[in-house]
$ cat input-v2.txt   # compact mmCIF, C-alpha atoms
# COMPACT_ATOMS: atom_id res chain seq x y z
CA MET N 10 -24.67 -8.28 4.70
CA ASN N 11 -24.28 -5.34 2.29
CA THR N 12 -21.73 -5.41 -0.50
CA LEU N 13 -19.03 -2.78 -0.34
CA ASP N 14 -19.10 -0.98 -3.67
CA HIS N 15 -16.57 1.77 -3.03
CA LYS N 16 -13.31 2.33 -1.17
CA VAL N 17 -13.55 2.91 2.56
CA ASP N 18 -10.54 4.07 4.58
CA PHE N 19 -10.55 4.08 8.35
CA ALA N 20 -8.18 4.10 11.27
CA VAL N 21 -8.50 2.24 14.53
CA VAL N 22 -7.10 3.54 17.81
CA VAL N 23 -5.94 0.87 20.24
CA SER N 24 -5.05 1.71 23.80
CA VAL N 25 -2.64 -0.66 25.52
CA THR N 26 -1.36 -0.15 29.06
CA LYS N 27 0.88 -2.55 30.92
CA ALA N 28 0.58 -5.15 28.18
CA ASN N 29 2.44 -6.53 25.21
CA PRO N 30 0.15 -6.58 22.15
CA ASN N 31 2.73 -8.10 19.78
CA GLY N 32 5.88 -9.55 21.34
CA ASP N 33 9.02 -10.05 19.28
CA PRO N 34 10.24 -13.65 19.71
CA LEU N 35 13.71 -12.66 18.47
CA ASN N 36 14.05 -10.09 21.25
CA GLY N 37 13.00 -12.00 24.36
CA ASN N 38 9.30 -11.42 23.55
CA ARG N 39 9.66 -7.73 24.37
CA PRO N 40 7.27 -5.36 22.59
CA ARG N 41 8.13 -4.66 18.97
CA GLN N 42 9.65 -1.22 18.45
CA ASN N 43 10.87 0.70 15.44
CA TYR N 44 14.23 2.51 15.50
CA ASP N 45 12.63 5.64 16.95
CA GLY N 46 11.23 3.76 19.97
CA PHE N 47 7.61 3.71 18.81
CA GLY N 48 5.70 0.50 19.39
CA GLU N 49 4.48 -1.61 16.49
CA ILE N 50 1.84 -4.27 16.08
CA SER N 51 2.42 -6.25 12.89
CA ASP N 52 -0.33 -6.65 10.32
CA VAL N 53 -0.06 -10.42 10.80
CA ALA N 54 -0.80 -10.07 14.53
CA ILE N 55 -3.79 -7.82 13.82
CA LYS N 56 -5.18 -10.32 11.29
CA ARG N 57 -4.67 -13.17 13.78
CA LYS N 58 -6.65 -11.25 16.42
CA ILE N 59 -9.45 -10.58 13.89
CA ARG N 60 -9.50 -14.21 12.71
CA ASN N 61 -9.61 -15.52 16.29
CA ARG N 62 -12.51 -13.22 17.14
CA LEU N 63 -14.42 -14.24 14.00
CA LEU N 64 -13.79 -17.90 14.85
CA ASP N 65 -15.21 -17.26 18.34
CA MET N 66 -18.29 -15.77 16.65
CA GLY N 67 -18.81 -18.96 14.63
CA GLU N 68 -17.48 -17.81 11.26
CA SER N 69 -15.67 -20.28 9.01
CA ILE N 70 -11.96 -19.36 8.95
CA PHE N 71 -9.34 -20.87 6.61
CA VAL N 72 -6.13 -19.71 8.36
CA GLN N 73 -6.51 -21.01 11.91
CA SER N 74 -3.86 -21.17 14.61
CA HIS N 75 -3.03 -24.62 16.00
CA ASP N 76 -4.06 -23.68 19.53
CA LYS N 77 -7.45 -22.33 18.42
CA LYS N 78 -8.69 -24.75 15.73
CA SER N 79 -12.34 -25.48 15.04
CA ASP N 80 -11.59 -28.65 13.05
CA ASP N 81 -9.14 -31.56 12.99
CA PHE N 82 -7.00 -30.38 10.06
CA ASN N 83 -3.29 -29.87 10.71
CA SER N 84 -2.50 -27.77 7.65
CA LEU N 85 -4.05 -25.36 5.20
CA ARG N 86 -3.59 -27.98 2.48
CA GLU N 87 -5.67 -30.52 4.43
CA ARG N 88 -8.38 -27.92 5.04
CA ALA N 89 -8.53 -27.00 1.34
CA ASP N 90 -8.44 -30.64 0.19
CA ALA N 91 -11.40 -31.48 2.44
CA ASN N 92 -13.60 -29.02 0.55
CA SER N 93 -15.10 -31.08 -2.28
CA GLU N 94 -16.40 -27.99 -4.10
CA LEU N 95 -12.84 -26.71 -4.51
CA ALA N 96 -11.78 -30.00 -6.09
CA LEU N 97 -14.70 -29.81 -8.54
CA ALA N 98 -13.79 -26.23 -9.43
CA LEU N 99 -10.20 -27.22 -10.25
CA LYS N 100 -11.40 -29.97 -12.60
CA SER N 101 -13.52 -27.53 -14.56
CA LYS N 102 -12.55 -27.09 -18.22
CA GLU N 103 -13.24 -23.35 -18.25
CA ASN N 104 -12.28 -20.71 -15.69
CA ALA N 105 -11.03 -23.23 -13.11
CA SER N 106 -9.11 -20.56 -11.16
CA GLU N 107 -12.08 -18.21 -11.05
CA LEU N 108 -14.44 -20.96 -9.92
CA PHE N 109 -11.92 -22.07 -7.29
CA ALA N 110 -11.55 -18.49 -5.98
CA ALA N 111 -15.33 -17.99 -5.88
CA GLU N 112 -15.83 -21.23 -3.93
CA ALA N 113 -13.00 -20.39 -1.49
CA CYS N 114 -14.57 -16.98 -0.85
CA LYS N 115 -17.95 -18.61 -0.27
CA SER N 116 -16.43 -21.14 2.15
CA TRP N 117 -14.16 -19.00 4.34
CA PHE N 118 -14.72 -15.52 5.76
CA ASP N 119 -11.00 -14.62 6.00
CA VAL N 120 -10.32 -15.60 2.37
CA ARG N 121 -13.23 -13.41 1.32
CA SER N 122 -11.91 -10.51 3.43
CA PHE N 123 -8.10 -10.60 3.35
CA GLY N 124 -7.49 -12.75 0.28
CA GLN N 125 -5.31 -15.85 0.04
CA VAL N 126 -2.84 -17.50 -2.29
CA PHE N 127 -3.50 -21.20 -2.89
CA ALA N 128 -0.31 -22.68 -4.33
CA PHE N 129 -0.17 -26.39 -5.06
CA LYS N 130 0.41 -28.93 -7.79
CA GLY N 131 -2.46 -30.12 -9.92
CA GLY N 132 -3.20 -33.69 -10.93
CA THR N 133 -1.29 -33.28 -14.18
CA GLY N 134 1.93 -32.37 -12.36
CA LYS N 135 1.99 -28.76 -13.53
CA GLY N 136 2.03 -26.09 -10.86
CA VAL N 137 -1.26 -24.40 -10.11
CA SER N 138 -1.61 -21.21 -8.13
CA VAL N 139 -4.88 -19.46 -7.41
CA GLY N 140 -4.76 -15.99 -5.95
CA VAL N 141 -7.71 -14.34 -4.27
CA ARG N 142 -7.55 -10.60 -3.65
CA GLY N 143 -9.52 -9.47 -0.65
CA PRO N 144 -10.95 -5.98 -0.21
CA VAL N 145 -9.62 -5.58 3.34
CA SER N 146 -6.05 -4.36 3.68
CA ILE N 147 -4.39 -4.30 7.11
CA HIS N 148 -1.16 -2.41 7.77
CA THR N 149 1.28 -2.28 10.67
CA ALA N 150 0.01 -0.28 13.64
CA THR N 151 2.39 2.25 15.19
CA SER N 152 2.04 3.83 18.62
CA VAL N 153 1.36 7.54 18.96
CA ASN N 154 4.12 7.93 21.58
CA PRO N 155 7.38 6.09 22.13
CA ILE N 156 6.95 3.10 24.42
CA THR N 157 8.72 2.52 27.69
CA ILE N 158 9.73 -1.03 28.41
CA THR N 159 9.87 -2.03 32.04
CA THR N 160 11.05 -5.46 32.94
CA MET N 161 9.34 -7.48 35.60
CA GLN N 162 11.19 -10.56 36.67
CA ILE N 163 9.75 -13.41 38.64
CA ASN N 164 12.15 -15.33 40.83
CA LYS N 165 11.19 -18.71 42.12
CA LYS N 166 13.10 -20.52 44.76
CA CYS N 167 12.92 -24.29 44.82
CA LYS N 168 14.23 -26.60 47.44
CA PHE N 169 15.38 -30.03 46.46
CA ARG N 170 15.75 -32.83 48.92
CA THR N 171 17.92 -35.80 48.38
CA TRP N 172 16.97 -38.98 50.12
$ encode --input "input-v2.txt" --output "structure tokens"
Amino acid sequence: MNTLDHKVDFAVVVSVTKANPNGDPLNGNRPRQNYDGFGEISDVAIKRKIRNRLLDMGESIFVQSHDKKSDDFNSLRERADANSELALALKSKENASELFAAEACKSWFDVRSFGQVFAFKGGTGKGVSVGVRGPVSIHTATSVNPITITTMQINKKCKFRTW
């Protein structure tokens, strides 16, 4: 894989018809809209779709969803603690944060791409935070045209018998 040595800007066009690419759980899972009626897909949703696809392709991903995990860890903390190289990097006398960041980038594709903040307490009780800046920046996607929301409702009739 080649190293990116300069800034690259690009735009992606996504076409969605009769679908909900990023539902808003606070609004009955209807499509997200801005005040002008244009649809939005949050940067978090776009990153989740990218991470899931990379996971399907066999890449090692740090931020995994619970319904699509490739390991038995239930939290990011557990996943980080299981990496023995990260623990060794933190115990280093010199440049512990830099060694930790380098090892995290080597271990996980999404940390290397999007960056990650590792915030936790060290063995001495003082707070330790290691920030990794990734070269890939994702922003909210906005539709070209305002979206039209149509509601489809499914009615189900059930019969109950009493004996």
$ closest_residue --input "input-v2.txt" --among "N:Ile147, N:Ile158, N:Ala105, N:Val153" --to "N:Ala54" --atoms "all atoms listed in the file"
N:Ile147
$ atom_distance --input "input-v2.txt" --atom1 "atom CA of N:Thr26" --atom2 "atom CA of N:Thr149"
18.7 Å
$ residues_near_point --input "input-v2.txt" --point "(1.9, -9.8, 11.5)" --cutoff "10 Å" --atoms "only C-alpha atoms" --output "PyMOL selection string"
chain N and resi 31+49-58+147-150
$ atom_distance --input "input-v2.txt" --atom1 "atom CA of N:Asn154" --atom2 "atom CA of N:Phe47"
6.1 Å
$ residues_around --input "input-v2.txt" --residues "stretch 106-116 of chain N" --least-positions-apart "2" --cutoff "8 Å" --atoms "only C-alpha atoms" --output "NGL selection string"
:N and (69 or 94-95 or 98-99 or 104 or 118 or 120-121 or 139-141)
$ atom_distance --input "input-v2.txt" --atom1 "atom CA of N:Thr159" --atom2 "atom CA of N:Asp33"
15.1 Å
$ residues_around --input "input-v2.txt" --residues "N:Pro155" --least-positions-apart "2" --cutoff "8 Å" --atoms "only C-alpha atoms" --output "JSON, numbers by chain"
{"N": [45, 46, 47, 48, 152, 153, 157]}
$ residues_around --input "input-v2.txt" --residues "N:Arg60" --least-positions-apart "4" --cutoff "8 Å" --atoms "only C-alpha atoms" --output "JSON, numbers by chain"
{"N": [56, 64, 70, 72, 73, 119]}
$ closest_residue --input "input-v2.txt" --among "N:Asn38, N:Asn61, N:Gly32, N:Leu97" --to "N:Asp76" --atoms "all atoms listed in the file"
N:Asn61
